[in-house]
$ cat my_file-v6.pdb   # PDB, C-alpha atoms
ATOM      1  CA  MET A   1     -80.639 -42.538  91.696
ATOM      2  CA  ILE A   2     -81.840 -44.406  88.616
ATOM      3  CA  ILE A   3     -81.027 -41.550  86.266
ATOM      4  CA  ALA A   4     -77.506 -41.300  87.705
ATOM      5  CA  PHE A   5     -76.972 -44.825  86.362
ATOM      6  CA  TRP A   6     -77.560 -43.602  82.797
ATOM      7  CA  THR A   7     -75.000 -40.796  83.028
ATOM      8  CA  LEU A   8     -72.043 -43.109  82.379
ATOM      9  CA  PRO A   9     -73.058 -44.334  78.907
ATOM     10  CA  LEU A  10     -74.179 -40.834  77.937
ATOM     11  CA  THR A  11     -70.856 -39.408  79.111
ATOM     12  CA  LEU A  12     -68.979 -41.994  77.043
ATOM     13  CA  ILE A  13     -70.960 -41.006  73.939
ATOM     14  CA  PHE A  14     -70.245 -37.328  74.619
ATOM     15  CA  LEU A  15     -66.530 -38.034  75.012
ATOM     16  CA  TRP A  16     -66.497 -40.042  71.766
ATOM     17  CA  LEU A  17     -68.111 -37.134  69.900
ATOM     18  CA  SER A  18     -65.743 -34.640  71.572
ATOM     19  CA  LEU A  19     -62.650 -36.626  70.678
ATOM     20  CA  ARG A  20     -63.776 -36.795  67.041
ATOM     21  CA  VAL A  21     -63.838 -32.996  66.901
ATOM     22  CA  ILE A  22     -60.406 -32.752  68.535
ATOM     23  CA  ARG A  23     -58.962 -35.328  66.122
ATOM     24  CA  TYR A  24     -60.234 -33.448  63.058
ATOM     25  CA  ARG A  25     -59.060 -30.089  64.433
ATOM     26  CA  ARG A  26     -55.558 -31.425  65.060
ATOM     27  CA  GLY A  27     -55.352 -33.254  61.756
ATOM     28  CA  GLU A  28     -56.508 -30.266  59.724
ATOM     29  CA  ARG A  29     -54.909 -27.629  61.968
ATOM     30  CA  ILE A  30     -58.193 -25.759  62.369
ATOM     31  CA  PRO A  31     -58.334 -24.202  65.848
ATOM     32  CA  LEU A  32     -61.777 -22.576  65.544
ATOM     33  CA  GLY A  33     -64.825 -23.202  63.392
ATOM     34  CA  SER A  34     -64.757 -25.763  60.619
ATOM     35  CA  GLY A  35     -62.529 -23.959  58.125
ATOM     36  CA  GLY A  36     -64.823 -25.205  55.377
ATOM     37  CA  ASN A  37     -63.919 -28.819  56.158
ATOM     38  CA  ALA A  38     -67.098 -30.881  55.706
ATOM     39  CA  ALA A  39     -65.941 -33.759  57.935
ATOM     40  CA  LEU A  40     -65.063 -31.371  60.758
ATOM     41  CA  GLU A  41     -68.373 -29.539  60.345
ATOM     42  CA  ARG A  42     -70.208 -32.877  60.620
ATOM     43  CA  ALA A  43     -68.229 -33.784  63.766
ATOM     44  CA  ILE A  44     -68.895 -30.355  65.307
ATOM     45  CA  ARG A  45     -72.628 -30.594  64.670
ATOM     46  CA  ALA A  46     -72.877 -34.163  66.012
ATOM     47  CA  HIS A  47     -71.126 -33.027  69.197
ATOM     48  CA  ALA A  48     -73.186 -29.834  69.487
ATOM     49  CA  ASN A  49     -76.480 -31.609  68.876
ATOM     50  CA  PHE A  50     -75.722 -33.957  71.759
ATOM     51  CA  ALA A  51     -74.800 -30.987  73.964
ATOM     52  CA  GLU A  52     -78.011 -29.188  72.985
ATOM     53  CA  PHE A  53     -80.467 -31.994  73.708
ATOM     54  CA  VAL A  54     -79.069 -34.334  76.348
ATOM     55  CA  PRO A  55     -78.818 -31.909  79.295
ATOM     56  CA  PHE A  56     -82.467 -30.903  78.927
ATOM     57  CA  ALA A  57     -83.558 -34.524  78.506
ATOM     58  CA  MET A  58     -81.602 -35.467  81.631
ATOM     59  CA  LEU A  59     -83.172 -32.608  83.583
ATOM     60  CA  LEU A  60     -86.631 -33.853  82.624
ATOM     61  CA  LEU A  61     -85.677 -37.390  83.637
ATOM     62  CA  ILE A  62     -84.366 -36.171  86.996
ATOM     63  CA  LEU A  63     -87.585 -34.243  87.608
ATOM     64  CA  ALA A  64     -89.601 -37.330  86.674
ATOM     65  CA  GLU A  65     -87.543 -39.404  89.101
ATOM     66  CA  TRP A  66     -88.002 -36.833  91.876
ATOM     67  CA  GLY A  67     -91.729 -36.843  91.103
ATOM     68  CA  GLY A  68     -91.921 -40.565  91.805
ATOM     69  CA  ALA A  69     -92.019 -42.009  88.275
ATOM     70  CA  TRP A  70     -91.942 -45.785  88.106
ATOM     71  CA  PRO A  71     -88.399 -47.213  88.149
ATOM     72  CA  TRP A  72     -89.094 -49.392  85.100
ATOM     73  CA  LEU A  73     -90.185 -46.291  83.159
ATOM     74  CA  LEU A  74     -87.067 -44.362  84.151
ATOM     75  CA  HIS A  75     -84.806 -47.236  83.110
ATOM     76  CA  ALA A  76     -86.686 -47.612  79.822
ATOM     77  CA  LEU A  77     -86.351 -43.896  79.101
ATOM     78  CA  GLY A  78     -82.667 -43.916  80.077
ATOM     79  CA  ALA A  79     -82.003 -46.870  77.781
ATOM     80  CA  LEU A  80     -83.927 -45.214  74.948
ATOM     81  CA  LEU A  81     -82.011 -41.955  75.390
ATOM     82  CA  VAL A  82     -78.655 -43.762  75.266
ATOM     83  CA  THR A  83     -79.704 -45.770  72.207
ATOM     84  CA  ALA A  84     -81.168 -42.724  70.481
ATOM     85  CA  ARG A  85     -78.120 -40.523  71.064
ATOM     86  CA  LEU A  86     -75.714 -43.240  69.970
ATOM     87  CA  SER A  87     -77.788 -43.783  66.833
ATOM     88  CA  HIS A  88     -77.941 -40.058  66.091
ATOM     89  CA  GLY A  89     -74.200 -39.650  66.568
ATOM     90  CA  MET A  90     -73.428 -42.641  64.372
ATOM     91  CA  GLY A  91     -75.744 -41.328  61.684
ATOM     92  CA  MET A  92     -74.175 -37.885  61.679
ATOM     93  CA  VAL A  93     -70.563 -38.995  61.515
ATOM     94  CA  GLN A  94     -71.062 -41.253  58.494
ATOM     95  CA  ASP A  95     -70.232 -39.967  55.052
ATOM     96  CA  PRO A  96     -72.434 -40.496  53.162
ATOM     97  CA  GLU A  97     -74.898 -40.005  55.967
ATOM     98  CA  ASP A  98     -77.541 -42.599  56.765
ATOM     99  CA  TYR A  99     -80.528 -40.500  57.753
ATOM    100  CA  ARG A 100     -82.315 -43.487  59.290
ATOM    101  CA  PHE A 101     -79.909 -43.343  62.247
ATOM    102  CA  ARG A 102     -80.463 -39.617  62.706
ATOM    103  CA  VAL A 103     -84.232 -39.878  62.395
ATOM    104  CA  PHE A 104     -84.384 -42.705  64.942
ATOM    105  CA  GLY A 105     -82.064 -40.720  67.209
ATOM    106  CA  MET A 106     -84.175 -37.590  67.161
ATOM    107  CA  MET A 107     -87.484 -39.466  67.419
ATOM    108  CA  GLY A 108     -86.122 -41.385  70.403
ATOM    109  CA  THR A 109     -84.778 -38.231  72.041
ATOM    110  CA  PHE A 110     -88.041 -36.348  71.526
ATOM    111  CA  SER A 111     -89.998 -39.329  72.877
ATOM    112  CA  VAL A 112     -87.869 -39.425  76.020
ATOM    113  CA  MET A 113     -88.296 -35.702  76.523
ATOM    114  CA  GLY A 114     -92.054 -35.800  76.010
ATOM    115  CA  ILE A 115     -92.692 -38.780  78.252
ATOM    116  CA  ALA A 116     -90.329 -37.489  80.948
ATOM    117  CA  ALA A 117     -92.019 -34.071  80.856
ATOM    118  CA  VAL A 118     -95.442 -35.682  81.349
ATOM    119  CA  ALA A 119     -94.096 -37.871  84.168
ATOM    120  CA  ALA A 120     -92.492 -34.846  85.848
ATOM    121  CA  PHE A 121     -95.690 -32.854  85.498
ATOM    122  CA  LEU A 122     -97.815 -35.655  86.945
ATOM    123  CA  GLY A 123     -95.369 -36.050  89.806
ATOM    124  CA  ALA A 124     -95.652 -32.333  90.553
ATOM    125  CA  VAL A 125     -99.439 -32.356  90.404
ATOM    126  CA  LEU A 126    -100.079 -35.629  92.232
ATOM    127  CA  ARG A 127     -97.340 -35.445  94.823
ATOM    128  CA  GLY A 128     -97.317 -31.706  95.315
TER     129      GLY A 128
END
$ encode --input "my_file-v6.pdb" --output "structure tokens"
Amino acid sequence: MIIAFWTLPLTLIFLWLSLRVIRYRRGERIPLGSGGNAALERAIRAHANFAEFVPFAMLLLILAEWGGAWPWLLHALGALLVTARLSHGMGMVQDPEDYRFRVFGMMGTFSVMGIAAVAAFLGAVLRG
């Protein structure tokens, strides 16, 4: 149940990104797409990027946990994923954008996914 612990902060980040999109849509009266509004487009992509990467990362973490990965590793990966996704979201919503936040966010996310995939694989091989 270690990975379940990390769902709360990730959910809060997702809600923050979602509410940004809703706020821009209401303010600009744009019900679908970005309407050419750069700020709304940035908010949409920050939200979508989270939605594209986090579910798969969480699935890999769950599989690693089921495979018997060390609790300290799972907590470290959960903390890195939260930090990485918060950093990525903060980087994307800034105008002008600070790419350092986005780069750290994606590097952290990819690291979590890679390590979790290896841990899940080893759990499958070693534990059957």
$ residues_around --input "my_file-v6.pdb" --residues "Glu65 (chain A)" --least-positions-apart "6" --cutoff "9 Å" --atoms "only C-alpha atoms" --output "list in words"
Met1, Ile2, Ile3, Pro71, Leu74, Ala116, Ala119, Ala120 and Gly123 of chain A
$ resolve_selection --input "my_file-v6.pdb" --expression "the PyMOL selection byres ((chain A and resi 94-96) around 12)" --output "list in words"
Ala38, Ala39, Leu40, Glu41, Arg42, Ala43, Ala46, Ser87, His88, Gly89, Met90, Gly91, Met92, Val93, Glu97, Asp98, Tyr99, Arg100, Phe101 and Arg102 of chain A
$ resolve_selection --input "my_file-v6.pdb" --expression "the PyMOL selection byres ((chain A and resi 51-53) around 10)" --output "MDAnalysis selection string"
chainID A and resid 14 17 45:50 54:58 85 106 109:110 113
$ closest_residue --input "my_file-v6.pdb" --among "A:Leu61, A:Leu126, A:Arg25, A:Gly114" --to "Ala79 (chain A)" --atoms "only C-alpha atoms"
A:Leu61
$ closest_residue --input "my_file-v6.pdb" --among "A:Leu10, A:Ile44, A:Leu80, A:Leu122" --to "Arg23 (chain A)" --atoms "all atoms listed in the file"
A:Ile44
$ closest_residue --input "my_file-v6.pdb" --among "A:Gly108, A:His75, A:Leu8, A:Thr83" --to "Ile62 (chain A)" --atoms "only C-alpha atoms"
A:His75
